[in-house]
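Heads up, work.txt below (compact mmCIF, C-alpha atoms):
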# COMPACT_ATOMS: atom_id res chain seq x y z
CA MET O 3 69.21 65.23 198.13
CA THR O 4 65.84 64.61 199.68
CA LYS O 5 63.49 61.72 200.01
CA LYS O 6 60.23 63.60 200.19
CA GLN O 7 59.05 64.94 196.88
CA LEU O 8 57.32 68.02 198.20
CA PRO O 9 57.94 71.01 195.94
CA LEU O 10 59.33 73.02 198.83
CA ASP O 11 61.91 70.37 199.59
CA GLU O 12 62.90 70.33 196.00
CA LEU O 13 63.27 74.07 196.14
CA SER O 14 65.33 74.00 199.33
CA GLY O 15 67.48 71.37 197.72
CA ALA O 16 67.99 73.41 194.59
CA ILE O 17 68.78 76.51 196.57
CA GLY O 18 71.06 74.71 198.99
CA ARG O 19 72.96 73.25 196.10
CA ILE O 20 73.23 76.56 194.31
CA LEU O 21 74.46 78.25 197.45
CA GLY O 22 77.02 75.46 197.72
CA LEU O 23 75.75 74.16 201.03
CA LEU O 24 74.78 70.63 200.31
CA LEU O 25 76.73 67.46 200.53
CA THR O 26 74.93 64.32 201.50
CA GLU O 27 75.60 62.82 204.89
CA GLU O 28 76.79 59.70 203.16
CA LYS O 29 79.44 61.61 201.24
CA VAL O 30 80.57 63.33 204.39
CA ASP O 31 80.93 60.20 206.44
CA HIS O 32 82.84 58.65 203.61
CA ALA O 33 85.14 61.65 203.25
CA VAL O 34 85.80 61.84 206.96
CA GLN O 35 86.55 58.13 207.04
CA ASN O 36 88.98 58.33 204.13
CA LEU O 37 90.66 61.34 205.60
CA SER O 38 91.28 59.47 208.86
CA GLN O 39 92.81 56.59 206.97
CA ALA O 40 95.06 58.86 204.92
CA ILE O 41 96.29 60.64 208.02
CA LYS O 42 97.01 57.40 209.80
CA GLU O 43 99.03 56.05 206.91
CA SER O 44 101.08 59.18 206.37
CA VAL O 45 102.32 59.86 209.90
CA PRO O 46 104.85 57.23 211.00
CA GLY O 47 104.15 55.51 214.31
CA THR O 48 100.43 56.27 214.27
CA ILE O 49 98.19 53.50 215.53
CA GLY O 50 94.96 55.34 214.89
CA ALA O 51 93.61 58.60 213.53
CA GLY O 52 90.31 60.39 213.68
CA VAL O 53 88.39 63.42 212.55
CA SER O 54 85.68 65.17 214.56
CA ILE O 55 83.42 67.94 213.39
CA LEU O 56 81.82 69.93 216.16
CA ASP O 57 79.05 72.46 216.33
CA SER O 58 79.35 75.63 218.34
CA GLN O 59 78.27 73.85 221.53
CA ALA O 60 81.12 71.34 221.17
CA ARG O 61 78.74 68.56 220.17
CA ARG O 62 80.02 66.23 217.53
CA THR O 63 78.15 66.33 214.25
CA SER O 64 80.36 63.94 212.30
CA THR O 65 83.18 61.66 213.18
CA GLY O 66 85.52 59.32 211.43
CA PHE O 67 88.17 57.10 212.92
CA THR O 68 90.38 54.28 211.82
CA ASP O 69 90.37 52.11 214.94
CA SER O 70 88.16 51.43 217.89
CA ILE O 71 90.85 52.76 220.23
CA VAL O 72 90.42 56.14 218.61
CA GLU O 73 86.69 55.85 218.97
CA GLN O 74 86.96 55.10 222.66
CA ALA O 75 89.50 57.83 223.38
CA ASP O 76 87.38 60.32 221.47
CA HIS O 77 84.21 59.29 223.14
CA LEU O 78 85.80 59.83 226.56
CA GLN O 79 86.84 63.34 225.60
CA TYR O 80 83.35 64.39 224.68
CA GLU O 81 81.88 62.64 227.67
CA LEU O 82 84.29 64.28 230.11
CA GLY O 83 84.30 67.58 228.29
CA GLN O 84 88.07 67.69 228.21
CA GLY O 85 90.92 66.38 226.11
CA PRO O 86 93.47 67.41 223.49
CA CYS O 87 91.01 67.59 220.57
CA LEU O 88 88.58 69.80 222.43
CA THR O 89 91.48 72.04 223.39
CA ALA O 90 92.73 72.14 219.79
CA TRP O 91 89.23 72.98 218.63
CA ALA O 92 88.59 75.61 221.31
CA SER O 93 92.03 77.25 221.28
CA GLU O 94 92.35 76.99 217.49
CA GLU O 95 95.91 75.78 217.94
CA SER O 96 97.55 72.42 217.49
CA VAL O 97 98.17 70.33 220.57
CA ILE O 98 100.98 67.81 221.05
CA ILE O 99 101.28 65.38 223.94
CA SER O 100 104.57 63.57 224.42
CA ASP O 101 103.22 61.31 227.09
CA VAL O 102 99.63 61.08 228.16
CA ARG O 103 100.67 59.68 231.57
CA THR O 104 102.80 62.65 232.54
CA ASP O 105 100.97 65.48 230.79
CA PRO O 106 99.03 67.40 233.48
CA ARG O 107 96.61 69.27 231.21
CA TRP O 108 93.64 66.88 231.06
CA PRO O 109 93.79 64.84 234.29
CA GLU O 110 90.39 63.19 233.99
CA TRP O 111 90.83 62.23 230.38
CA SER O 112 94.39 60.96 230.99
CA ALA O 113 93.13 58.78 233.82
CA ALA O 114 90.24 57.52 231.72
CA VAL O 115 92.44 56.46 228.79
CA SER O 116 95.16 54.94 230.97
CA THR O 117 93.89 51.48 230.10
CA LEU O 118 94.13 52.18 226.37
CA PRO O 119 97.41 51.92 224.43
CA ILE O 120 97.63 55.67 223.96
CA ARG O 121 100.74 57.62 224.96
CA SER O 122 101.43 60.19 222.23
CA VAL O 123 98.83 62.46 220.68
CA VAL O 124 98.74 65.24 218.14
CA SER O 125 95.54 67.14 217.42
CA ALA O 126 95.13 70.00 214.96
CA PRO O 127 92.09 72.28 214.66
CA LEU O 128 90.05 72.34 211.47
CA MET O 129 89.82 75.99 210.58
CA ALA O 130 87.36 77.15 207.92
CA ASN O 131 86.59 80.80 207.21
CA GLY O 132 88.20 81.81 210.48
CA HIS O 133 86.07 79.42 212.51
CA SER O 134 87.11 76.25 214.20
CA ILE O 135 84.81 73.46 213.00
CA GLY O 136 86.51 70.47 214.61
CA ALA O 137 89.81 68.69 214.96
CA ILE O 138 91.89 65.90 213.48
CA LYS O 139 93.98 63.71 215.73
CA ILE O 140 96.54 60.92 215.71
CA TYR O 141 97.43 58.55 218.50
CA ALA O 142 100.51 56.39 219.12
CA SER O 143 101.06 53.66 221.67
CA GLU O 144 104.55 54.79 222.76
CA PRO O 145 105.59 58.09 224.34
CA SER O 146 107.38 60.80 222.29
CA VAL O 147 106.48 59.32 218.94
CA PHE O 148 105.42 62.62 217.41
CA ASP O 149 107.58 65.70 216.93
CA ALA O 150 107.21 69.17 215.44
CA ALA O 151 107.31 67.69 211.94
CA ALA O 152 104.25 65.57 212.71
CA VAL O 153 102.46 68.67 213.97
CA SER O 154 103.30 70.54 210.75
CA LEU O 155 102.02 67.62 208.73
CA MET O 156 98.75 67.64 210.65
CA ASP O 157 98.41 71.38 210.11
CA LEU O 158 98.95 70.83 206.40
CA TYR O 159 96.19 68.25 206.34
CA ALA O 160 93.83 70.33 208.42
CA SER O 161 93.63 73.32 206.13
CA PRO O 162 92.19 71.82 202.90
CA ALA O 163 90.20 69.27 204.88
CA ALA O 164 88.50 72.01 206.87
CA THR O 165 87.55 73.94 203.76
CA LEU O 166 85.88 70.88 202.30
CA LEU O 167 84.26 69.74 205.50
CA ALA O 168 82.89 73.20 206.25
CA HIS O 169 80.30 72.58 203.57
CA ILE O 170 78.76 69.74 205.45
CA GLN O 171 78.21 71.13 208.89
CA SER O 172 74.81 69.61 209.11
CA THR O 173 73.55 71.75 211.99
CA GLU O 174 74.27 75.03 210.21
CA THR O 175 73.18 74.00 206.76
CA PRO O 176 69.40 74.08 207.17
CA LYS O 177 69.60 77.56 208.61
CA ARG O 178 71.67 78.84 205.76
CA ILE O 179 69.41 77.21 203.20
CA SER O 180 66.31 78.67 204.71
CA GLU O 181 67.89 82.11 204.73
CA GLY O 182 68.61 81.84 201.02
CA LEU O 183 65.18 80.39 200.37
CA GLN O 184 63.49 83.07 202.39
CA LEU O 185 65.26 85.84 200.52
CA ALA O 186 64.36 84.33 197.17
CA LEU O 187 60.74 83.78 198.11
CA HIS O 188 60.39 87.20 199.68
CA SER O 189 61.67 88.89 196.54
CA ARG O 190 59.52 86.76 194.28
CA ASP O 191 56.49 87.47 196.40
CA LEU O 192 57.14 91.19 196.26
CA VAL O 193 57.43 91.15 192.48
CA ASN O 194 54.22 89.18 192.18
CA ARG O 195 52.34 91.53 194.47
CA ALA O 196 53.54 94.48 192.41
CA CYS O 197 52.32 92.65 189.30
CA GLY O 198 48.94 92.21 190.94
CA ILE O 199 48.69 95.93 191.60
CA LEU O 200 49.50 96.75 187.98
CA MET O 201 47.08 94.11 186.72
CA GLU O 202 44.27 95.63 188.70
CA ARG O 203 45.25 99.21 187.94
CA HIS O 204 45.60 98.76 184.19
CA LYS O 205 43.43 95.68 183.61
CA ILE O 206 46.33 93.82 182.07
CA THR O 207 47.65 90.29 182.19
CA HIS O 208 50.31 89.12 184.60
CA GLU O 209 52.71 88.85 181.72
CA ARG O 210 52.19 92.45 180.63
CA ALA O 211 52.47 93.62 184.22
CA LEU O 212 55.83 91.92 184.60
CA GLN O 213 56.97 93.45 181.32
CA GLN O 214 56.02 96.88 182.61
CA LEU O 215 57.96 96.32 185.80
CA ILE O 216 61.02 95.30 183.82
CA LEU O 217 60.71 98.43 181.73
CA GLN O 218 60.36 100.65 184.79
CA ALA O 219 63.35 99.06 186.45
CA ARG O 220 65.42 99.61 183.33
CA ASN O 221 64.32 103.21 182.92
CA LYS O 222 65.04 104.05 186.53
CA SER O 223 68.20 101.92 186.71
CA GLN O 224 66.74 100.14 189.69
CA SER O 225 66.41 96.49 190.44
CA LEU O 226 63.11 94.76 189.78
CA GLN O 227 62.78 94.21 193.50
CA GLU O 228 63.23 97.91 194.27
CA VAL O 229 60.65 98.95 191.70
CA SER O 230 58.24 96.37 193.06
CA ALA O 231 58.84 97.42 196.65
CA GLU O 232 58.03 101.04 195.81
CA LEU O 233 54.89 100.06 194.01
CA VAL O 234 53.74 97.86 196.87
CA ALA O 235 54.58 100.56 199.41
CA GLY O 236 52.30 102.92 197.51
CA ILE O 237 54.92 105.35 196.32
CA PRO O 238 53.31 106.70 193.17
CA ALA O 239 54.90 105.02 190.24
CA ASP O 240 55.01 106.80 186.90
CA ARG O 241 51.67 106.03 185.55
CA ASN O 242 51.75 105.00 182.01
CA MET J 26 58.93 75.37 165.91
CA GLY J 27 62.05 77.47 165.78
CA PHE J 28 63.44 80.38 167.64
CA ASP J 29 62.29 83.96 167.40
CA ASN J 30 64.44 85.94 165.03
CA ASN J 31 66.52 87.59 167.66
CA GLU J 32 66.55 84.78 170.15
CA PRO J 33 69.92 83.25 169.20
CA GLU J 34 71.57 86.65 169.33
CA GLN J 35 69.93 87.54 172.62
CA ARG J 36 71.02 84.22 174.06
CA ARG J 37 74.56 84.57 172.78
CA ARG J 38 74.91 87.98 174.37
CA LEU J 39 73.37 86.76 177.61
CA GLN J 40 76.02 84.07 177.70
CA ALA J 41 78.73 86.64 177.04
CA ALA J 42 77.41 88.73 179.93
CA LEU J 43 77.36 85.68 182.21
CA SER J 44 80.89 84.60 181.43
CA GLY J 45 82.10 88.20 181.58
CA ALA J 46 80.79 88.51 185.13
CA GLY J 47 81.54 84.92 186.15
CA ILE J 48 77.92 84.03 186.88
CA THR J 49 77.00 80.36 187.02
CA THR J 50 73.73 78.97 185.69
CA GLY J 51 72.63 78.09 189.22
CA THR J 52 73.18 81.61 190.48
CA LEU J 53 71.46 83.07 187.44
CA TRP J 54 68.47 80.82 187.95
CA LEU J 55 68.14 81.72 191.63
CA GLN J 56 68.11 85.43 190.80
CA TYR J 57 65.70 84.87 187.92
CA PHE J 58 63.44 82.86 190.22
CA SER J 59 63.65 85.65 192.80
CA ILE J 60 62.32 88.23 190.35
CA GLY J 61 59.40 86.12 189.21
CA GLY J 62 60.84 83.86 186.53
CA SER J 63 58.70 80.83 185.94
CA VAL J 64 60.75 78.18 184.19
CA GLY J 65 62.95 75.69 186.00
CA GLU J 66 66.68 75.57 186.25
CA TYR J 67 67.03 72.76 183.72
CA GLU J 68 65.04 74.72 181.18
CA VAL J 69 67.27 77.73 181.72
CA GLU J 70 70.28 75.52 181.23
CA ALA J 71 68.78 74.13 178.01
CA TYR J 72 67.99 77.64 176.81
CA LEU J 73 71.59 78.70 177.38
CA GLN J 74 72.75 75.66 175.44
CA GLY J 75 70.54 76.67 172.54
CA MET J 76 68.38 73.57 172.90
CA LEU J 77 65.19 75.21 174.06
CA SER J 78 63.25 78.28 173.03
CA LEU J 79 61.84 80.49 175.79
CA PRO J 80 59.09 83.12 175.59
CA GLU J 81 60.22 86.71 175.29
CA LEU J 82 59.24 87.59 178.86
CA GLU J 83 61.32 84.78 180.35
CA ARG J 84 64.28 85.78 178.18
CA ASP J 85 63.99 89.36 179.37
CA LEU J 86 63.77 88.24 182.98
CA LEU J 87 66.95 86.23 182.47
CA ALA J 88 68.63 89.30 181.00
CA MET J 89 67.42 91.36 183.94
CA ALA J 90 68.67 88.76 186.42
CA ALA J 91 72.06 88.67 184.74
CA ASN J 92 72.33 92.45 184.72
CA GLU J 93 71.31 92.70 188.35
CA LEU J 94 73.89 90.11 189.31
CA SER J 95 76.71 91.71 187.35
CA ASN J 96 75.70 95.02 188.92
CA SER J 97 76.63 96.97 185.79
CA GLY J 98 80.18 95.74 186.03
CA PRO J 99 82.70 96.16 183.24
CA GLY J 100 81.51 93.12 181.28
CA PRO J 101 78.99 93.16 178.45
CA HIS J 102 75.37 93.82 179.33
CA ALA J 103 72.65 91.27 178.61
CA PRO J 104 70.24 92.74 176.06
CA TYR J 105 66.42 92.85 176.30
CA SER J 106 64.25 91.85 173.41
CA ASP J 107 63.23 95.43 172.61
CA GLU J 108 66.85 96.30 172.01
CA PHE J 109 66.70 94.41 168.74
CA PRO J 110 65.21 95.88 165.60
CA LEU J 111 61.68 94.59 165.21
CA ASP J 112 61.98 92.73 161.97
CA ALA J 113 65.55 92.50 161.02
CA PRO J 114 66.07 88.79 160.80
CA ARG J 115 69.70 88.18 161.45
CA GLU J 116 70.58 84.78 160.19
CA THR J 117 74.20 85.75 160.04
CA ASP J 118 75.54 84.91 163.41
CA SER J 119 77.08 81.99 165.16
CA THR J 120 77.30 78.29 164.79
CA GLU J 121 73.81 77.23 165.71
CA ASP J 122 70.74 79.15 164.65
CA GLY J 123 68.00 76.69 165.19
CA PRO J 124 66.90 74.34 167.90
CA ALA J 125 67.82 70.69 167.72
CA SER J 126 64.91 70.01 165.42
CA PRO J 127 61.91 69.06 167.55
Can you give me the file's structure in the form of structure tokens?
Amino acid sequence: MTKKQLPLDELSGAIGRILGLLLTEEKVDHAVQNLSQAIKESVPGTIGAGVSILDSQARRTSTGFTDSIVEQADHLQYELGQGPCLTAWASEESVIISDVRTDPRWPEWSAAVSTLPIRSVVSAPLMANGHSIGAIKIYASEPSVFDAAAVSLMDLYASPAATLLAHIQSTETPKRISEGLQLALHSRDLVNRACGILMERHKITHERALQQLILQARNKSQSLQEVSAELVAGIPADRN
Amino acid sequence: MGFDNNEPEQRRRLQAALSGAGITTGTLWLQYFSIGGSVGEYEVEAYLQGMLSLPELERDLLAMAANELSNSGPGPHAPYSDEFPLDAPRETDSTEDGPASP
């Protein structure tokens, strides 16, 4: 989870895990790698497969591929800012190319990969919670290798894969953890400040103060946080 | 050292409230932490398993956390310690009454 043993890191880790946001990078890379291999083996004629996870600026955050050809073809897409996977990701629709050499849609990328044994491509977007988080792709060395059935197969793969991979978007995760952490700490802080007020007001222990807050919350059918917020804001609480 | 008289019953009913509302231990702990609870998640887990005794205040905070999370839904409510008669030792209930002897 974390290498540093600072209490705050431990807390972020605990909260991230509870909110379901944490998978280690190692697990992710492994999963992405295995997924690529499974895709390659299950679509006939495929010479290489890959998975890319992108952030909202189309930067790759994780990748997996089965062969160096896939790595090169992918790399060129992100370098040139164009290519079937970026289109699949951006348009949120699957892309099929019957022949890279005659398809006019990505001229620069097509020219750049002309030295690689890549003629047919299918790429499907990874959709999680209505957002596109990346794409999976397969390549073949001959034209017209893939048909509509291959596209359907890729779509089938993409759906559960996206759901799983959505949990590891490393760029988003810290933000979501710190939101959860902030909420928890804010609430806890509020309750403790309210306790402090009661302790001073009634000369009681922290424990008794917290007990009184619980009682007030129950009597008023409010949450402990609401009762504390009122007390801190100076709204006269029932004195007792 | 054993449990307070009403602790097993309070714990059992907390568990019933949690499963009734589908609340996980992690979620319960986060809410409990948010309202000032002071024991760790593992201790809460151990308490729920009946392996650890917690002070009354922490038990009530757990009940409060569970009730806040279930938002007075249809499931059973998690009781507070003052909802039990003061000295009516109930040794009647459930499989385990005592802690795994310390």
Neighbours of O:Ser96 within 9 Å (only C-alpha atoms; same-chain residues fewer than 3 positions away dropped), as a PyMOL selection string? chain O and resi 86-87+89-91+93+124-127+137+153+156-157
Taking C-alpha atoms for each residue, export the selection above as a short mmCIF file (atom, residue, chain, number, x, y, z; two decimals), in the coordinates of the input.
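Saved as selection.cif:
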data_model
loop_
_atom_site.label_atom_id
_atom_site.label_comp_id
_atom_site.auth_asym_id
_atom_site.auth_seq_id
_atom_site.Cartn_x
_atom_site.Cartn_y
_atom_site.Cartn_z
CA PRO O 86 93.47 67.41 223.49
CA CYS O 87 91.01 67.59 220.57
CA THR O 89 91.48 72.04 223.39
CA ALA O 90 92.73 72.14 219.79
CA TRP O 91 89.23 72.98 218.63
CA SER O 93 92.03 77.25 221.28
CA VAL O 124 98.74 65.24 218.14
CA SER O 125 95.54 67.14 217.42
CA ALA O 126 95.13 70.00 214.96
CA PRO O 127 92.09 72.28 214.66
CA ALA O 137 89.81 68.69 214.96
CA VAL O 153 102.46 68.67 213.97
CA MET O 156 98.75 67.64 210.65
CA ASP O 157 98.41 71.38 210.11
#
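Between atom CA of J:Gly61 and atom CA of O:Ala231 there is a distance of 13.5 Å.
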If I take atom CA of J:Ala103 and atom CA of J:Ile48, how far is one from the other in Å, to one decimal? 12.2 Å
Using only C-alpha atoms, which of O:Lys42, O:Gly136, O:Arg107, O:Val34 sits nearest O:Ser58?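 Looking only at the distances to O:Ser58, the closest residue turns out to be O:Gly136.
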Against chain O, which residues of chain J fall within 7 Å? For each one I want the closest pair of atoms and the distance in Å (one decimal), counting all atoms listed in the file, rows by chain and increasing residue number, as a Markdown table.
| residue | atom | partner | partner_atom | distance |
| --- | --- | --- | --- | --- |
| J:Gly51 | CA | O:Ile20 | CA | 5.3 |
| J:Thr52 | CA | O:Ile20 | CA | 6.3 |
| J:Phe58 | CA | O:Arg190 | CA | 6.9 |
| J:Ser59 | CA | O:Arg190 | CA | 4.5 |
| J:Ile60 | CA | O:Arg190 | CA | 5.0 |
| J:Gly61 | CA | O:Arg190 | CA | 5.1 |
| J:Leu82 | CA | O:Gln213 | CA | 6.7 |
| J:Glu93 | CA | O:Ser225 | CA | 6.5 |
Using all atoms listed in the file, which residues sit within 9 Å of stretch 49-54 of chain O once same-chain residues fewer than 6 positions away are excluded, as a count of residues only? 34
Selection as a PyMOL selection string: residues within 6 Å of (66.8, 91.0, 177.4), counting only C-alpha atoms: chain J and resi 84-85+88+103-106
Generate a file of the selected residues that holds C-alpha atoms, formatted as an mmCIF file, in the coordinates of the input.
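Everything below was put into result-v1.cif:
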data_model
loop_
_atom_site.group_PDB
_atom_site.id
_atom_site.type_symbol
_atom_site.label_atom_id
_atom_site.label_comp_id
_atom_site.auth_asym_id
_atom_site.auth_seq_id
_atom_site.Cartn_x
_atom_site.Cartn_y
_atom_site.Cartn_z
ATOM 1 C CA ARG J 84 64.280 85.780 178.180
ATOM 2 C CA ASP J 85 63.990 89.360 179.370
ATOM 3 C CA ALA J 88 68.630 89.300 181.000
ATOM 4 C CA ALA J 103 72.650 91.270 178.610
ATOM 5 C CA PRO J 104 70.240 92.740 176.060
ATOM 6 C CA TYR J 105 66.420 92.850 176.300
ATOM 7 C CA SER J 106 64.250 91.850 173.410
#
One decimal, in Å: what's the spacing between atom CA of J:Pro101 and atom CA of J:Trp54? 18.8 Å
Taking (78.5, 87.3, 179.1) in the file's coordinates, which residues come within 10 Å, counting only C-alpha atoms, written as a PyMOL selection string? chain J and resi 36-48+91-92+95+100-103
So which residues touch O:Ala235 within 12 Å, counting only C-alpha atoms, skipping near sequence neighbours fewer than 6 positions away, as an mmCIF file with C-alpha atoms, in the coordinates of the input?
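Dumped everything to result00.cif:
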data_model
loop_
_atom_site.group_PDB
_atom_site.id
_atom_site.type_symbol
_atom_site.label_atom_id
_atom_site.label_comp_id
_atom_site.auth_asym_id
_atom_site.auth_seq_id
_atom_site.Cartn_x
_atom_site.Cartn_y
_atom_site.Cartn_z
ATOM 1 C CA LEU O 192 57.140 91.190 196.260
ATOM 2 C CA ARG O 195 52.340 91.530 194.470
ATOM 3 C CA ALA O 196 53.540 94.480 192.410
ATOM 4 C CA ILE O 199 48.690 95.930 191.600
ATOM 5 C CA GLN O 227 62.780 94.210 193.500
ATOM 6 C CA GLU O 228 63.230 97.910 194.270
ATOM 7 C CA VAL O 229 60.650 98.950 191.700
#
Find the residues around O:Leu78 up to 8 Å (all atoms listed in the file counted), leave out those fewer than 2 positions away in its own chain, and share them as a PyMOL selection string. chain O and resi 74-76+80-82+111+114-115
